[in-house]
file coords_21.txt (compact mmCIF, C-alpha atoms)
# COMPACT_ATOMS: atom_id res chain seq x y z
CA MET A 1 -27.47 -34.46 66.55
CA SER A 2 -30.16 -32.41 68.26
CA LYS A 3 -32.60 -30.31 66.23
CA LYS A 4 -30.94 -27.09 67.46
CA CYS A 5 -27.49 -28.32 66.41
CA TRP A 6 -28.81 -29.39 63.01
CA ILE A 7 -30.34 -25.94 62.40
CA LEU A 8 -27.09 -24.23 63.49
CA ALA A 9 -25.03 -26.42 61.18
CA ALA A 10 -27.37 -25.70 58.25
CA TRP A 11 -27.21 -21.97 58.96
CA LEU A 12 -23.41 -21.99 58.98
CA LEU A 13 -23.36 -23.73 55.60
CA ILE A 14 -25.48 -21.03 53.88
CA PRO A 15 -22.63 -18.54 53.29
CA ALA A 16 -20.50 -21.29 51.76
CA ALA A 17 -23.32 -22.24 49.40
CA ILE A 18 -23.77 -18.61 48.40
CA GLN A 19 -20.05 -18.26 47.78
CA ALA A 20 -20.10 -21.37 45.60
CA GLN A 21 -22.92 -19.90 43.52
CA GLU A 22 -20.98 -16.66 43.11
CA LEU A 23 -17.94 -18.58 41.90
CA GLU A 24 -20.09 -20.25 39.28
CA ALA A 25 -21.55 -16.95 38.05
CA ILE A 26 -20.85 -16.08 34.42
CA GLN A 27 -18.30 -13.31 34.03
CA LEU A 28 -19.11 -10.42 31.71
CA TYR A 29 -17.12 -10.39 28.48
CA THR A 30 -14.14 -8.10 28.17
CA GLN A 31 -14.13 -5.67 25.26
CA ASP A 32 -11.50 -7.71 23.38
CA GLU A 33 -13.35 -10.96 24.01
CA LEU A 34 -16.63 -9.52 22.79
CA LEU A 35 -15.02 -8.10 19.65
CA ALA A 36 -13.50 -11.51 18.91
CA LEU A 37 -16.94 -13.11 19.28
CA ILE A 38 -18.49 -10.50 16.97
CA GLN A 39 -15.78 -10.98 14.34
CA THR A 40 -16.49 -14.71 14.23
CA ASN A 41 -20.27 -14.11 14.34
CA SER A 42 -20.55 -16.22 17.49
CA HIS A 43 -21.69 -13.47 19.88
CA LEU A 44 -25.35 -14.53 19.96
CA LYS A 45 -24.44 -18.19 20.43
CA ARG A 46 -22.27 -17.23 23.38
CA VAL A 47 -25.09 -15.31 25.06
CA LEU A 48 -27.34 -18.36 24.65
CA ALA A 49 -24.60 -20.69 25.89
CA ASP A 50 -24.35 -18.53 29.01
CA ASP A 51 -28.05 -19.16 29.67
CA CYS A 52 -28.98 -15.51 29.14
CA GLN A 53 -27.53 -14.60 32.55
CA LEU A 54 -25.87 -11.38 31.37
CA VAL A 55 -28.80 -9.60 29.73
CA ARG A 56 -29.04 -6.81 32.33
CA ASP A 57 -25.30 -6.16 32.23
CA ILE A 58 -25.29 -6.12 28.43
CA ASP A 59 -28.27 -3.74 28.36
CA ALA A 60 -26.56 -1.38 30.83
CA ARG A 61 -23.34 -1.27 28.84
CA ALA A 62 -25.26 -0.65 25.63
CA ASP A 63 -27.75 1.97 26.84
CA ILE A 64 -26.08 3.66 29.80
CA MET A 65 -22.35 3.32 29.10
CA GLN A 66 -22.92 3.38 25.32
CA LEU A 67 -20.04 1.01 24.56
CA PRO A 68 -20.17 0.31 20.80
CA ALA A 69 -19.38 -3.41 21.03
CA TYR A 70 -22.22 -3.86 23.53
CA GLN A 71 -24.55 -1.70 21.43
CA PHE A 72 -23.81 -4.04 18.55
CA LEU A 73 -24.42 -7.13 20.71
CA TYR A 74 -27.63 -5.91 22.32
CA GLY A 75 -28.91 -4.59 18.99
CA ASP A 76 -28.51 -8.05 17.51
CA MET A 77 -30.14 -9.65 20.55
CA LEU A 78 -33.18 -7.40 20.17
CA ALA A 79 -33.40 -7.81 16.39
CA TYR A 80 -33.23 -11.61 16.56
CA ALA A 81 -35.06 -12.09 19.88
CA VAL A 82 -32.10 -13.73 21.62
CA CYS A 83 -32.76 -13.82 25.38
CA VAL A 84 -35.03 -10.75 25.07
CA PRO A 85 -38.38 -10.00 23.37
CA ARG A 86 -37.96 -8.96 19.74
CA ASN A 87 -37.72 -5.20 19.25
CA VAL A 88 -36.33 -4.55 15.78
CA GLU A 89 -36.71 -0.76 16.00
CA ARG A 90 -34.64 -0.46 19.17
CA GLY A 91 -32.19 -3.06 17.93
CA TRP A 92 -31.65 -1.17 14.68
CA ASP A 93 -31.13 2.08 16.59
CA LEU A 94 -28.40 0.44 18.68
CA MET A 95 -26.75 -0.92 15.53
CA LEU A 96 -26.71 2.60 14.08
CA GLN A 97 -25.22 3.95 17.32
CA ALA A 98 -22.44 1.35 17.20
CA ALA A 99 -21.74 2.29 13.59
CA ALA A 100 -21.79 6.00 14.40
CA GLN A 101 -19.08 5.41 17.02
CA GLY A 102 -16.88 3.89 14.32
CA LEU A 103 -17.12 0.20 15.24
CA PRO A 104 -15.98 -1.53 12.00
CA GLU A 105 -18.27 -4.51 12.57
CA GLY A 106 -21.20 -2.16 13.18
CA LEU A 107 -20.49 -0.21 10.01
CA GLU A 108 -20.21 -3.44 8.01
CA GLN A 109 -23.43 -4.85 9.40
CA VAL A 110 -25.48 -1.70 8.75
CA GLY A 111 -24.05 -1.50 5.24
CA ARG A 112 -24.81 -5.17 4.63
CA TYR A 113 -28.38 -4.79 5.86
CA TYR A 114 -28.95 -1.79 3.60
CA HIS A 115 -27.54 -3.84 0.74
CA ILE A 116 -29.73 -6.91 1.23
CA GLY A 117 -32.74 -5.10 2.70
CA ARG A 118 -32.82 -6.77 6.12
CA PHE A 119 -34.90 -4.84 8.66
CA VAL A 120 -34.80 -1.83 6.28
CA GLN A 121 -35.57 -1.18 2.63
CA PRO A 122 -32.65 -1.86 0.27
CA ASP A 123 -30.59 1.26 -0.32
CA ILE A 124 -27.40 0.77 -2.34
CA ASP A 125 -26.20 4.34 -1.82
CA LYS A 126 -26.42 4.06 1.98
CA ALA A 127 -24.89 0.58 1.84
CA ILE A 128 -21.86 1.95 -0.02
CA VAL A 129 -21.37 4.76 2.50
CA TYR A 130 -21.26 2.39 5.46
CA LEU A 131 -19.26 -0.30 3.68
CA ARG A 132 -16.70 2.24 2.50
CA GLU A 133 -16.19 3.43 6.07
CA ALA A 134 -15.84 -0.12 7.37
CA SER A 135 -13.45 -0.96 4.53
CA ALA A 136 -11.23 2.00 5.39
CA LEU A 137 -11.00 0.60 8.94
CA GLY A 138 -9.77 -2.74 7.59
CA ASN A 139 -12.96 -4.81 7.72
CA LEU A 140 -12.44 -7.50 5.09
CA LYS A 141 -16.12 -8.47 4.88
CA ALA A 142 -16.97 -4.88 4.01
CA GLN A 143 -14.16 -4.71 1.46
CA LEU A 144 -15.44 -7.84 -0.27
CA ARG A 145 -19.06 -6.69 -0.33
CA LEU A 146 -18.17 -3.20 -1.55
CA ALA A 147 -16.06 -4.63 -4.37
CA GLN A 148 -18.91 -6.93 -5.39
CA ILE A 149 -21.34 -4.00 -5.45
CA LEU A 150 -18.94 -2.06 -7.70
CA VAL A 151 -18.43 -5.07 -9.97
CA ASP A 152 -22.22 -5.41 -10.25
CA GLY A 153 -22.39 -1.91 -11.73
CA HIS A 154 -23.38 0.18 -8.71
CA GLY A 155 -21.54 3.05 -7.10
CA SER A 156 -18.99 5.37 -8.65
CA PRO A 157 -15.91 4.53 -10.77
CA VAL A 158 -14.06 6.84 -8.37
CA ASP A 159 -14.19 3.98 -5.84
CA PHE A 160 -12.64 1.36 -8.14
CA GLU A 161 -8.99 2.10 -7.40
CA GLN A 162 -9.36 2.24 -3.62
CA SER A 163 -11.48 -0.90 -3.57
CA TYR A 164 -8.84 -2.71 -5.64
CA ARG A 165 -6.10 -1.43 -3.31
CA TRP A 166 -7.85 -2.72 -0.19
CA LEU A 167 -8.33 -6.19 -1.63
CA HIS A 168 -4.89 -6.39 -3.22
CA HIS A 169 -3.29 -5.79 0.17
CA ALA A 170 -5.78 -7.89 2.16
CA ILE A 171 -4.44 -10.82 4.18
CA THR A 172 -6.42 -14.01 4.75
CA ALA A 173 -5.65 -17.63 5.57
CA ASP A 174 -9.01 -18.82 4.21
CA SER A 175 -8.63 -20.37 0.75
CA ALA A 176 -12.23 -19.63 -0.29
CA THR A 177 -11.86 -15.98 0.68
CA HIS A 178 -8.52 -15.81 -1.13
CA LYS A 179 -10.17 -17.13 -4.28
CA GLN A 180 -13.01 -14.64 -3.94
CA ILE A 181 -10.49 -11.80 -3.65
CA GLN A 182 -8.70 -12.94 -6.80
CA GLN A 183 -11.96 -13.04 -8.75
CA LEU A 184 -13.01 -9.58 -7.60
CA LEU A 185 -9.58 -8.13 -8.35
CA SER A 186 -9.75 -9.53 -11.87
CA GLN A 187 -13.21 -8.06 -12.42
CA LEU A 188 -12.25 -4.66 -10.98
CA ALA A 189 -9.10 -4.56 -13.13
CA GLN A 190 -11.26 -4.85 -16.24
CA LYS A 191 -12.98 -1.60 -15.27
CA MET A 192 -9.77 0.46 -14.91
CA PRO A 193 -6.84 1.54 -17.08
CA ALA A 194 -3.65 -0.50 -16.54
CA ARG A 195 -1.84 2.50 -15.00
CA VAL A 196 -4.56 2.84 -12.32
CA VAL A 197 -4.32 -0.86 -11.51
CA ALA A 198 -0.55 -0.56 -11.24
CA ASN A 199 -0.93 2.38 -8.88
CA ALA A 200 -3.38 0.45 -6.70
CA ARG A 201 -0.86 -2.39 -6.40
CA ARG A 202 1.87 -0.18 -4.98
CA PRO A 203 2.87 -0.87 -1.35
CA VAL A 204 0.78 0.98 1.17
CA LYS A 205 2.87 3.58 3.00

call {"tool": "encode", "arguments": {"input": "coords_21.txt", "output": "structure tokens"}}
result
Amino acid sequence: MSKKCWILAAWLLIPAAIQAQELEAIQLYTQDELLALIQTNSHLKRVLADDCQLVRDIDARADIMQLPAYQFLYGDMLAYAVCVPRNVERGWDLMLQAAAQGLPEGLEQVGRYYHIGRFVQPDIDKAIVYLREASALGNLKAQLRLAQILVDGHGSPVDFEQSYRWLHHAITADSATHKQIQQLLSQLAQKMPARVVANARRPVK
């Protein structure tokens, strides 16, 4: 093959190579897929497994489109320096934005961080506010943490009945979580009159 023919053949192969690279490109997560990753706490591992290829897309959906699931994801990435330089202040702001939009996982995380004092000073009152909101949206992690806070003597007795109701009607296939629920229900029941416990056990309409 002459040099000219070799160059022509190589040139014709370039589009095919580009197309192959495009086929191998990582696809951005759908909203449902991202929420599933967040719920199993595997969202940061997934970003790393994808070789940090989606950082710009994630940033755009968090900052420009203001999608709560992506605000949650990018906030975590910034707070824990996953694929981006650490920026706890901006990360925390994005977590708050996700919570403000009513994302249950965002509400639970902000409440948990206020409870344990991660990135912020411990604040039980703020923790209860966020955890209560997440609990009302069905977040089991928030329901468990809120109940534990109440059992530990914090918060208001006004919250006992609702906290008991959430846990009594919670559904889980995890045996350890089931045992934890039973223990918390027993401890909450000791803080309430029998009639209040009976009322909390009634079917949810």

call {"tool": "atom_distance", "arguments": {"input": "coords_21.txt", "atom1": "atom CA of A:Gln187", "atom2": "atom CA of A:Tyr113"}}
result
24.0 Å

call {"tool": "closest_residue", "arguments": {"input": "coords_21.txt", "among": "A:Met95, A:Ala100, A:Val84, A:Val158", "to": "A:Val196", "atoms": "only C-alpha atoms"}}
result
A:Val158

call {"tool": "closest_residue", "arguments": {"input": "coords_21.txt", "among": "A:Pro68, A:Pro122, A:Pro85, A:Gly117", "to": "A:Gln101", "atoms": "all atoms listed in the file"}}
result
A:Pro68

call {"tool": "residues_around", "arguments": {"input": "coords_21.txt", "residues": "stretch 33-39 of chain A", "least_positions_apart": "2", "cutoff": "10 Å", "atoms": "all atoms listed in the file", "output": "PDB file with C-alpha atoms, keeping the file's coordinate frame"}}
result
ATOM      1  CA  LEU A  28     -19.110 -10.420  31.710  1.00  0.00           C
ATOM      2  CA  TYR A  29     -17.120 -10.390  28.480  1.00  0.00           C
ATOM      3  CA  THR A  30     -14.140  -8.100  28.170  1.00  0.00           C
ATOM      4  CA  GLN A  31     -14.130  -5.670  25.260  1.00  0.00           C
ATOM      5  CA  ASN A  41     -20.270 -14.110  14.340  1.00  0.00           C
ATOM      6  CA  SER A  42     -20.550 -16.220  17.490  1.00  0.00           C
ATOM      7  CA  HIS A  43     -21.690 -13.470  19.880  1.00  0.00           C
ATOM      8  CA  LEU A  44     -25.350 -14.530  19.960  1.00  0.00           C
ATOM      9  CA  LYS A  45     -24.440 -18.190  20.430  1.00  0.00           C
ATOM     10  CA  ARG A  46     -22.270 -17.230  23.380  1.00  0.00           C
ATOM     11  CA  PRO A  68     -20.170   0.310  20.800  1.00  0.00           C
ATOM     12  CA  ALA A  69     -19.380  -3.410  21.030  1.00  0.00           C
ATOM     13  CA  TYR A  70     -22.220  -3.860  23.530  1.00  0.00           C
ATOM     14  CA  PHE A  72     -23.810  -4.040  18.550  1.00  0.00           C
ATOM     15  CA  LEU A  73     -24.420  -7.130  20.710  1.00  0.00           C
ATOM     16  CA  LEU A 103     -17.120   0.200  15.240  1.00  0.00           C
ATOM     17  CA  PRO A 104     -15.980  -1.530  12.000  1.00  0.00           C
ATOM     18  CA  GLU A 105     -18.270  -4.510  12.570  1.00  0.00           C
ATOM     19  CA  GLY A 106     -21.200  -2.160  13.180  1.00  0.00           C
ATOM     20  CA  ASN A 139     -12.960  -4.810   7.720  1.00  0.00           C
ATOM     21  CA  LYS A 141     -16.120  -8.470   4.880  1.00  0.00           C
TER      22      LYS A 141
END

call {"tool": "atom_distance", "arguments": {"input": "coords_21.txt", "atom1": "atom CA of A:Arg165", "atom2": "atom CA of A:Ala200"}}
result
4.7 Å

call {"tool": "atom_distance", "arguments": {"input": "coords_21.txt", "atom1": "atom CA of A:Leu188", "atom2": "atom CA of A:Asp159"}}
result
10.2 Å

call {"tool": "closest_residue", "arguments": {"input": "coords_21.txt", "among": "A:Val88, A:Ile171, A:Ile128, A:Ala49", "to": "A:Ser156", "atoms": "all atoms listed in the file"}}
result
A:Ile128

call {"tool": "residues_around", "arguments": {"input": "coords_21.txt", "residues": "stretch 144-147 of chain A", "least_positions_apart": "5", "cutoff": "7 Å", "atoms": "all atoms listed in the file", "output": "MDAnalysis selection string"}}
result
chainID A and resid 128 131:132 163 184
